[in-house]
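All remarks here apply to the structure that follows.
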Amino acid sequence: MTLPIRNVAIIAHVDHGKTTLVDALLKQSGTFREGEEVPDCVMDSNDLERERGITILAKNTAVHYKETLINIVDTPGHADFGGEVERVLGMVDGCILIVDANEGPMPQTRFVLKKALEKGLRPIVVVNKIDRPQADPFGAIDKVLDLFLELGADDDQCEFPYLFASGLAGYAKKDLEDEAVDMKPLFEEILHHVAPPVGDPDKPLQLQVTTLDYSDYLGRIVIGRIHNGTIQMGQQAALMKEDGSIVKAKVTKLLGFEGLKRIDLVSSTAGNIVAVAGFADANIGETITDPSDPQALPLIKVDEPTLQMTFSVNDSPFAGQEGNYVTSRQVRDRLMRELETNVALRVEETDSPDKFLVSGRGELHLGILIETMRREGYEFQVSQPQVIYREVNGQPCEPFEQLVLDVPEEAVGGCIERLGQRKGEMQDMQVGGNGRTQLEFVIPARGLIGFRGEFMRLTRGEGIMSHSFLDYRPMSGDVETRRNGVLIAFEEGVATFYAMKNAEDRGVFFITPGTKVYKGMIVGEHNRPQDLELNICKTKQLTNHRASGGDELVQLQTPMEMSLERALEYIGSDELLEVTPQSIRLRKVAKKLAKR
């Protein structure tokens with residue numbers, strides 16, 4: 001059965017309503033049967049995606065509209081997951097760019113849109129959330145056009161069609177004055193504006209692997225678009241490896257997409273996006289082709305990692321108490337398994353069998369991996385993230401990032417001063433009418449390590465910070481990062497209210513009374529530049545006399561809460577982050593303590 005096909009990617013900045021809009025398209029295309037219970041953000045199937053409200057993994061779905069099969073790929077909006085974005089754009093012939101009617105295009109919009117324009121795609125712009133107060137739909141359109149011009153879009157790409165929509169309310173319309181009914185105008189725009197896939201079903205088979213999945217029953221599953229030819233269930237095919245070698249295998253399962261389900265197919269032809277099992281050795285960018293006439297497609301280039309950290313076996317005094325998987329072999333196997341599907345990640349062995357060098361696209365990319373592993377029951381420790389340096393034309397270079405801040409007016413001076421100390425150069429400053437200012441900087445990636453916590457303090461939690469990789473540039477000299485010393489537990493035991501109350505004037509604690517601590521564990525931030533060891537397990541000496549009023553009304557200051565991301569940004573070069581399914585602990589490297 002051959003259907004007219006459209007392949008389209010949905011791209012947007014984090015939290016501009018991309019996944020909610022896909023929900024509306026799925027519901028209105030008749031994908032779900034009447035009365036079927038459908039969760040919100042159905043495309044965000046991963047627990048972390050639901051909690052954080054971001055898309056991490058690219059996902060495929062398909063809907064039918066007017067006898068046309070529309071393959072929709074929901075892509076991540078965060079630059080740290082660029083490995084996902086780049087592959088996905090190679091599968092599609094058009095894209096829908098979703099922009100918030102109030103915020104307009106944001107830094108991650110720039111990152112994903114740049115990739116799409118480089119591929120020659122002509123976006124359909126959807127101005128979302130027009131039903132919100134303070135929405136400025138036409139202002140958002142003007143900003144999008146400015147962004148297109150800035151990114152070097154050609155005349156054809158700049159003549160983009162645009163629609164106004166509310167993904168939450170489930171409607172789209174060509175003009176603001178039109179009645180808000182349903183998503184039909186967007187469906188029509190996809191049929192009219194996105195070109196049908198180019199491909200010849202009579203040519204030899206060429207299917208490029210763009211996404212990897214895994215099933216306990218089928219083994220490795222490859223997902224990709226058929227560029228030419230026809231693929232059939234049970235046929236013999238050849239996998240052309242990156243090094244030019246050819247591995248023959250049989251198609252053991254052929255699957256298509258319908259709504260959120262995968263459906264069995266007997267055969268499929270050029271232009272469609274399918275999932276294929278039977279190729280255990282397949283990797284991203286390789287080609288499944290005809291064994292009698294093997295022809296490879298150009299390999300997909302993915303941006304290289306810019307940040308690395310050491311994952312090692314937990315050797316703290318509390319090691320092995322909370323995790324199910326604690327050995328170096330278990331940690332290594334899990335990291336190697338991650339490489340099967342996480343294309344932007346690199347894992348290298350080190351001199352020590354207990355340590356592995358893991359490289360990724362940024363703190364969020366590595367943070368998601370750490371959080372996923374701890375939820376699966378792994379226990380390990382990680383070092384401070386370090387940038388990856390490269391030599392370009394014989395000159396040492398480091399990664400630079402484009403940083404955009406949205407801050408209250410009173411915080412502007414402090415942010416500019418701190419970023420100047422971190423070698424940031426201001427490129428632009430836009431004063432908004434709502435008491436907020438948007439600042440744009442180019443800054444070395446190492447200048448951003450540990451900046452988020454400082455930024456939150458400077459803006460009193462009201463600032464919005466976003467950054468994406470720009471390029472490699474010559475080294476910019478020493479970066480001044482200011483952080484106070486830390487408070488370190490003096491002995492193993494349980495932190496007491498009495499000891500913490502007595503030491504409260506020394507700094508801010510990360511823990512609460514009753515927390516188990518060990519010698520060398522970091523329990524707070526000192527209010528001076530030096531580190532300070534404290535006995536926070538000390539108990540009050542009991543006497544026969546009791547003061548009237550007692551300690552009932554005495555309270556401790558609220559501790560500084562250390563989330564995983566915050567802890568990764570906080571730790572210094574002589575410190576480690578201990579990660580278990582139940583706890584996140586900061587500690588000094590044991591060797592450093594011994595020298596005291």
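Identifiers for the structure tokens are assigned positionally: chains receive A, B, ... in sequence, residues are indexed from 1 per chain, and ligands are indexed from 1 in the order shown.
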
Next item on the list: Compile the contact shell of segment 206-216 of chain A as a PyMOL selection string: residues with an atom at most 8 Å away, counting only C-alpha atoms, same-chain residues fewer than 4 positions apart removed.
Entry: chain A and resi 87-88+90-91+220-229+282-290+295-297+340-341

Note to self: Please extract the residues of segment 430-475 of chain A with a backbone DSSP assignment of strand (DSSP E or B) and present them as a ChimeraX atom specification.
What the structure shows: /A:430-431,436-444,464-474

Check: Within 10 Å of Gln28 of chain A, counting only C-alpha atoms, which residues qualify if same-chain residues fewer than 4 places away don't, as a list in words?
Finding: Val22, Asp23, Ala24, Phe32, Val63, Tyr65, Gly170, Tyr171, Asp182, Met183 and Lys184 of chain A

I need the residues from that last selection saved to file as an mmCIF file, in the first residue's frame (with N, CA and C atoms), if you can.
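Resulting contents of selection.cif:
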data_model
loop_
_atom_site.group_PDB
_atom_site.id
_atom_site.type_symbol
_atom_site.label_atom_id
_atom_site.label_comp_id
_atom_site.auth_asym_id
_atom_site.auth_seq_id
_atom_site.Cartn_x
_atom_site.Cartn_y
_atom_site.Cartn_z
ATOM 1 N N VAL A 22 1.891 18.889 19.302
ATOM 2 C CA VAL A 22 1.835 17.540 18.714
ATOM 3 C C VAL A 22 0.666 16.763 19.316
ATOM 4 N N ASP A 23 0.432 16.933 20.631
ATOM 5 C CA ASP A 23 -0.723 16.291 21.273
ATOM 6 C C ASP A 23 -2.014 16.642 20.530
ATOM 7 N N ALA A 24 -2.186 17.945 20.223
ATOM 8 C CA ALA A 24 -3.404 18.411 19.546
ATOM 9 C C ALA A 24 -3.528 17.784 18.151
ATOM 10 N N PHE A 32 -6.416 8.493 18.304
ATOM 11 C CA PHE A 32 -6.893 7.782 19.493
ATOM 12 C C PHE A 32 -8.371 7.457 19.333
ATOM 13 N N VAL A 63 0.478 10.564 11.588
ATOM 14 C CA VAL A 63 -0.977 10.753 11.564
ATOM 15 C C VAL A 63 -1.449 10.699 10.110
ATOM 16 N N TYR A 65 -4.087 12.258 7.340
ATOM 17 C CA TYR A 65 -4.961 13.397 7.052
ATOM 18 C C TYR A 65 -5.221 13.417 5.548
ATOM 19 N N GLY A 170 -5.934 23.778 21.252
ATOM 20 C CA GLY A 170 -6.126 22.895 20.105
ATOM 21 C C GLY A 170 -6.641 23.566 18.850
ATOM 22 N N TYR A 171 -6.125 24.767 18.534
ATOM 23 C CA TYR A 171 -6.546 25.395 17.272
ATOM 24 C C TYR A 171 -5.384 26.127 16.622
ATOM 25 N N ASP A 182 -10.033 24.476 14.985
ATOM 26 C CA ASP A 182 -9.248 23.258 15.181
ATOM 27 C C ASP A 182 -7.884 23.400 14.510
ATOM 28 N N MET A 183 -7.200 22.293 14.336
ATOM 29 C CA MET A 183 -5.848 22.288 13.770
ATOM 30 C C MET A 183 -5.842 22.140 12.245
ATOM 31 N N LYS A 184 -7.021 22.166 11.623
ATOM 32 C CA LYS A 184 -7.094 21.931 10.174
ATOM 33 C C LYS A 184 -6.190 22.872 9.363
#

Check: as JSON, numbers by chain, which residues of segment 498-587 of chain A does DSSP assign to helix (DSSP H, G or I)?
Finding: {"A": [498, 499, 500, 501, 502, 504, 505, 506, 564, 565, 566, 567, 568, 569, 570]}

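Using only C-alpha atoms, the smallest distance between any of A:His192, A:Lys173, A:Arg110, A:Lys115 and Leu145 of chain A comes from A:Arg110.
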
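Restricting the calculation to only C-alpha atoms, the smallest distance between Pro161 of chain A and any of A:Leu419, A:Val8, A:Ile190, A:Leu113 is found for A:Ile190.
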
Item checked: Distance query Phe187 of chain A at most 10 Å, only C-alpha atoms, self and fewer than 6 positions along chain excluded, as a count of residues only -> 7

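Nearest-residue note for Val442 of chain A: choosing from A:Pro399, A:Gly244, A:Gly259, A:Gly424, the minimum distance belongs to A:Gly424, counting only C-alpha atoms.
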
Skipping near chain neighbours, those fewer than 2 positions away, what residues fall within 10 Å of segment 525-532 of chain A using only C-alpha atoms, listed as a PDB file with N, CA, C and O atoms, in the first residue's frame?
ATOM      1  N   ARG A 482      34.886  33.085  41.080  1.00  0.00           N
ATOM      2  CA  ARG A 482      34.959  33.351  42.508  1.00  0.00           C
ATOM      3  C   ARG A 482      33.995  32.428  43.247  1.00  0.00           C
ATOM      4  O   ARG A 482      32.806  32.362  42.929  1.00  0.00           O
ATOM      5  N   ARG A 483      34.535  31.662  44.201  1.00  0.00           N
ATOM      6  CA  ARG A 483      33.672  30.847  45.040  1.00  0.00           C
ATOM      7  C   ARG A 483      34.295  30.766  46.416  1.00  0.00           C
ATOM      8  O   ARG A 483      35.505  30.633  46.554  1.00  0.00           O
ATOM      9  N   ASN A 484      33.483  30.862  47.448  1.00  0.00           N
ATOM     10  CA  ASN A 484      34.011  30.767  48.812  1.00  0.00           C
ATOM     11  C   ASN A 484      34.493  29.349  49.096  1.00  0.00           C
ATOM     12  O   ASN A 484      34.214  28.421  48.332  1.00  0.00           O
ATOM     13  N   GLY A 485      35.192  29.196  50.224  1.00  0.00           N
ATOM     14  CA  GLY A 485      35.603  27.866  50.648  1.00  0.00           C
ATOM     15  C   GLY A 485      34.399  27.049  51.081  1.00  0.00           C
ATOM     16  O   GLY A 485      33.256  27.539  51.068  1.00  0.00           O
ATOM     17  N   VAL A 486      34.647  25.807  51.498  1.00  0.00           N
ATOM     18  CA  VAL A 486      33.533  24.933  51.889  1.00  0.00           C
ATOM     19  C   VAL A 486      33.677  24.513  53.346  1.00  0.00           C
ATOM     20  O   VAL A 486      34.765  24.571  53.933  1.00  0.00           O
ATOM     21  N   LEU A 487      32.563  24.098  53.928  1.00  0.00           N
ATOM     22  CA  LEU A 487      32.544  23.552  55.284  1.00  0.00           C
ATOM     23  C   LEU A 487      32.612  22.037  55.159  1.00  0.00           C
ATOM     24  O   LEU A 487      31.826  21.433  54.420  1.00  0.00           O
ATOM     25  N   ILE A 488      33.561  21.421  55.851  1.00  0.00           N
ATOM     26  CA  ILE A 488      33.816  19.988  55.701  1.00  0.00           C
ATOM     27  C   ILE A 488      33.575  19.278  57.030  1.00  0.00           C
ATOM     28  O   ILE A 488      34.005  19.751  58.089  1.00  0.00           O
ATOM     29  N   ALA A 489      32.894  18.136  56.972  1.00  0.00           N
ATOM     30  CA  ALA A 489      32.645  17.350  58.196  1.00  0.00           C
ATOM     31  C   ALA A 489      33.969  16.813  58.729  1.00  0.00           C
ATOM     32  O   ALA A 489      34.803  16.305  57.981  1.00  0.00           O
ATOM     33  N   PHE A 490      34.136  16.904  60.048  1.00  0.00           N
ATOM     34  CA  PHE A 490      35.386  16.547  60.716  1.00  0.00           C
ATOM     35  C   PHE A 490      35.449  15.054  61.051  1.00  0.00           C
ATOM     36  O   PHE A 490      36.512  14.473  61.192  1.00  0.00           O
ATOM     37  N   GLU A 504      26.467  28.080  62.720  1.00  0.00           N
ATOM     38  CA  GLU A 504      25.648  28.739  61.695  1.00  0.00           C
ATOM     39  C   GLU A 504      26.281  30.029  61.172  1.00  0.00           C
ATOM     40  O   GLU A 504      26.098  30.398  60.011  1.00  0.00           O
ATOM     41  N   ASP A 505      27.032  30.723  62.029  1.00  0.00           N
ATOM     42  CA  ASP A 505      27.633  31.995  61.596  1.00  0.00           C
ATOM     43  C   ASP A 505      28.852  31.785  60.705  1.00  0.00           C
ATOM     44  O   ASP A 505      29.435  32.738  60.196  1.00  0.00           O
ATOM     45  N   ARG A 506      29.243  30.507  60.487  1.00  0.00           N
ATOM     46  CA  ARG A 506      30.405  30.226  59.647  1.00  0.00           C
ATOM     47  C   ARG A 506      30.058  30.165  58.157  1.00  0.00           C
ATOM     48  O   ARG A 506      30.944  30.171  57.321  1.00  0.00           O
ATOM     49  N   GLY A 507      28.782  30.009  57.822  1.00  0.00           N
ATOM     50  CA  GLY A 507      28.405  29.919  56.404  1.00  0.00           C
ATOM     51  C   GLY A 507      27.000  29.372  56.227  1.00  0.00           C
ATOM     52  O   GLY A 507      26.164  29.446  57.132  1.00  0.00           O
ATOM     53  N   VAL A 508      26.752  28.796  55.063  1.00  0.00           N
ATOM     54  CA  VAL A 508      25.431  28.252  54.726  1.00  0.00           C
ATOM     55  C   VAL A 508      25.557  26.738  54.606  1.00  0.00           C
ATOM     56  O   VAL A 508      26.469  26.226  53.939  1.00  0.00           O
ATOM     57  N   PHE A 509      24.632  25.994  55.229  1.00  0.00           N
ATOM     58  CA  PHE A 509      24.686  24.532  55.171  1.00  0.00           C
ATOM     59  C   PHE A 509      23.940  23.986  53.954  1.00  0.00           C
ATOM     60  O   PHE A 509      22.997  24.610  53.443  1.00  0.00           O
ATOM     61  N   PHE A 510      24.368  22.792  53.486  1.00  0.00           N
ATOM     62  CA  PHE A 510      23.667  22.065  52.422  1.00  0.00           C
ATOM     63  C   PHE A 510      22.803  20.940  52.999  1.00  0.00           C
ATOM     64  O   PHE A 510      22.064  20.288  52.270  1.00  0.00           O
ATOM     65  N   ILE A 522      31.470  17.384  52.227  1.00  0.00           N
ATOM     66  CA  ILE A 522      31.190  18.827  52.207  1.00  0.00           C
ATOM     67  C   ILE A 522      29.761  19.046  52.691  1.00  0.00           C
ATOM     68  O   ILE A 522      28.810  18.501  52.114  1.00  0.00           O
ATOM     69  N   VAL A 523      29.608  19.829  53.742  1.00  0.00           N
ATOM     70  CA  VAL A 523      28.279  20.014  54.347  1.00  0.00           C
ATOM     71  C   VAL A 523      27.736  21.428  54.154  1.00  0.00           C
ATOM     72  O   VAL A 523      26.594  21.714  54.499  1.00  0.00           O
ATOM     73  N   LEU A 534      34.647  21.167  60.355  1.00  0.00           N
ATOM     74  CA  LEU A 534      33.766  21.385  61.506  1.00  0.00           C
ATOM     75  C   LEU A 534      33.361  20.059  62.128  1.00  0.00           C
ATOM     76  O   LEU A 534      33.198  19.056  61.418  1.00  0.00           O
ATOM     77  N   MET A 560      20.877  25.468  51.834  1.00  0.00           N
ATOM     78  CA  MET A 560      20.935  25.637  50.384  1.00  0.00           C
ATOM     79  C   MET A 560      20.687  24.256  49.762  1.00  0.00           C
ATOM     80  O   MET A 560      21.433  23.310  50.023  1.00  0.00           O
TER      81      MET A 560
END

Next item on the list: List the neighbours of Val358 of chain A out to 10 Å using only C-alpha atoms; skip same-chain residues closer than 2 positions along the sequence, and give me the result as a VMD selection string.
Entry: chain A and resid 305 307 to 311 335 345 to 349 355 to 356 360 366 382 385
